[in-house]
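Scroll down for the structure; my scribbles are underneath it.
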Amino acid sequence: MTCRRAVRFLLAVMFTLALAPQLSARKIRHYYIAAEDVRWDYAPSGKDLIHGRTLPEPYRAQTRWNKTRYIEYSDATFSVRKQQPDWLGILGPMIRAEVGDTILVDFLNRSNSAHSIHPHGLRYDKDNEGAAYLPYGKGAGVAPGERFTYRWQADRNSGPAPGGPSSVVWWYHSHVDAEREINAGLLGPIIITAAGMAGLRGAPKDVDREFVMLFMIFDELKGNDAGLFHSVNGYVFGNLPGLVMKQGDKVRWHLLSMGNEKDLHTPHWHGKTVDYQKHHVDVIELLPGSMATADMIADNPGTWLFHCHVSDHMENGMMATYTIYSPPRSCPVAIVPEDWAHVAATSSVRIKNVGVKPIQKVSLLSGYLVNTLELEPLILAWFSEQTLQPSREQTVEVGLDLFANQDRPGLGVAFFPSRIVYQDGSEWRPRELGECFQVYWKNPDHPKLPVLPPVQFTQKQD
Ligand SMILES: [Cu+2]
């Protein structure tokens, strides 16, 4: 090879290498989303879980209402629903892309009136705007039973501005009769990650978790108080599940608001501040249609309130909690797993010392797991006074009536040690309620929870 040819070859290689990341970043992200008429429950527990009491008036009478939602499917057959995180609530699926990507949304209208999908922040032509006004584009409205494929570009102006976070949030919503459709529940988030910052699924590589939180008052009764649900992602009074993060996680909060002139919201975090537009804040102002992105280092373990700071919104249920958990220590005892039927038959459980020191005394607490947020005390405590050597088991009789009624509603029975006294006099106590939480699931196929849910004991009303 002559010197000049070698240089040319080298330049060609360098050019190809330099171009490769940009080429690989340009993906087509295909989503399959249907609009469906569904029932929605603003308070599935039927309770005010912030204060551990029954739901206040006037909401107690009815929390389930007819809504229309965007539901994601895994392919064009629209037969297999995709799971979405519990905390996303009433919102439609997260549509993700990296700057440079093309988004295709295959939209099927399964509801009984015309709808569309109109994106904020993306680049589209008239046919893909998804909004019904003159002059109409092809995707302006999709009749019941019909389909339309929207094509949108996540271009440079759709992504984060220089110096901003590595991802930003945008709205999508139906725009045929927008006011009515948004109140019906046809709305969801788009998250665009900066070029080069997205992992395989489009999420930013430099954060551990992203949450999207909608603050909105849904109106079910034309302004009547009993129909005004002051919700976070469609849940009121602490019923929003799953806002769980690990100590030290870098957490990104995408905040959204929608609605009318009453929807002036000021989300406020207890327990932590966030970085927002180069300031440390713990309140962010939202107006209808607002989108905001804030980052938190979750370094203060505990369960903390996250609520709208507008007084009457707070009072009427615009509250949730989030939990920062410490990485679990290894548990000093195992409540030896046996299936529900076996536990019911024997009315006893076996405790195993999985540590290295002889245990003098163990106290266990237990409760029915009513739902993943709530534990109803089953029996206050069992005490075991016999010395339990390392790797030995001990059976604890818990009484015949304990599991007598298997028809009880609930997911299963949970156990956790409340105090362990070792023979050498040292003690182990949980750092928070429910550490070492171990569950007998009523349904043996129930997925095992990787972490302690933010449980709380039900308080009986007097
Ligand atoms: Cu508010």
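We label chains A, B, ... in the order they appear in the structure tokens, count residues from 1 in each chain, and number ligands from 1 in the order shown.
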
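With a cut-off of 7 Å and using only C-alpha atoms and all ligand atoms, the polymer residues contacting ligand 1 are A:Phe215, A:Asp263, A:Leu264, A:His265, A:Thr266, A:Cys308, A:His309, A:Val310, A:His313, A:Met314, A:Met318.
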
### Task
Excluding region 59-63 of chain A and residues on its chain fewer than 6 positions from it, collect all residues at most 6 Å away from it, counting only C-alpha atoms, and give them as a ChimeraX atom specification.
/A:41-42,226

### Query
Got a sec to tell me which of region 158-300 of chain A DSSP assigns to helix (DSSP H, G or I), as a list in words?
Ser158, Ala178, Glu179, Arg180, Glu181, Ile182, Asn183, Ala184, Asp225, Ala226 and Gly227 of chain A

Could you save the residues just selected, with N, CA and C atoms, as a CSV table (one decimal), in the first residue's frame?
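What landed in selection25.csv:
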chain,number,residue,atom,x,y,z
A,158,SER,N,-36.7,18.3,20.1
A,158,SER,CA,-37.6,17.5,20.9
A,158,SER,C,-36.8,17.1,22.2
A,178,ALA,N,-60.9,17.7,22.9
A,178,ALA,CA,-59.8,17.5,23.9
A,178,ALA,C,-60.2,17.7,25.3
A,179,GLU,N,-61.0,18.6,25.6
A,179,GLU,CA,-61.4,18.9,27.0
A,179,GLU,C,-62.0,17.6,27.6
A,180,ARG,N,-63.0,17.1,26.9
A,180,ARG,CA,-63.8,15.9,27.4
A,180,ARG,C,-62.8,14.7,27.4
A,181,GLU,N,-62.0,14.5,26.3
A,181,GLU,CA,-61.2,13.3,26.2
A,181,GLU,C,-60.1,13.3,27.3
A,182,ILE,N,-59.5,14.5,27.6
A,182,ILE,CA,-58.5,14.5,28.6
A,182,ILE,C,-59.1,14.2,30.0
A,183,ASN,N,-60.2,14.7,30.2
A,183,ASN,CA,-60.9,14.4,31.5
A,183,ASN,C,-61.3,12.9,31.6
A,184,ALA,N,-61.5,12.3,30.4
A,184,ALA,CA,-61.9,10.9,30.3
A,184,ALA,C,-60.7,10.0,30.7
A,225,ASP,N,-68.9,18.4,43.9
A,225,ASP,CA,-67.8,18.1,44.8
A,225,ASP,C,-67.5,16.6,44.8
A,226,ALA,N,-68.6,15.8,44.9
A,226,ALA,CA,-68.5,14.3,45.0
A,226,ALA,C,-67.8,13.7,43.8
A,227,GLY,N,-67.8,14.4,42.7
A,227,GLY,CA,-67.2,13.9,41.5
A,227,GLY,C,-65.8,14.5,41.2

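If only C-alpha atoms are the atoms counted, then among A:Gly289, A:Pro327, A:Gly52, A:Pro241 the closest residue to Asn371 (chain A) is A:Pro241.
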
### Message
Based on the backbone DSSP call, show me all residues of region 99-224 of chain A assigned strand (DSSP E), as a PyMOL selection string.
### Response
chain A and resi 102-109+118-119+147-153+167-173+187-193+209-219

## Note on the structure
CA of Arg252 (chain A) to CA of Glu210 (chain A) measures 4.6 Å

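The shortest atom-to-atom distance to Thr323 (chain A), with only C-alpha atoms taken into account, belongs to A:Leu243 out of A:Ala298, A:Leu243, A:Ile284, A:Val349.
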
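Nearest residue to Gly100 (chain A), choosing from A:His268, A:Lys27, A:Arg147, A:Arg329 and counting only C-alpha atoms: A:Lys27.
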
### Task
List the neighbours of Met197 (chain A) out to 7 Å using only C-alpha atoms; skip same-chain residues closer than 5 positions along the sequence, and give me the result as number ranges by chain.
A: 166, 204-205

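Counting from CA of His230 (chain A), the distance to CA of Lys262 (chain A) is 10.3 Å.
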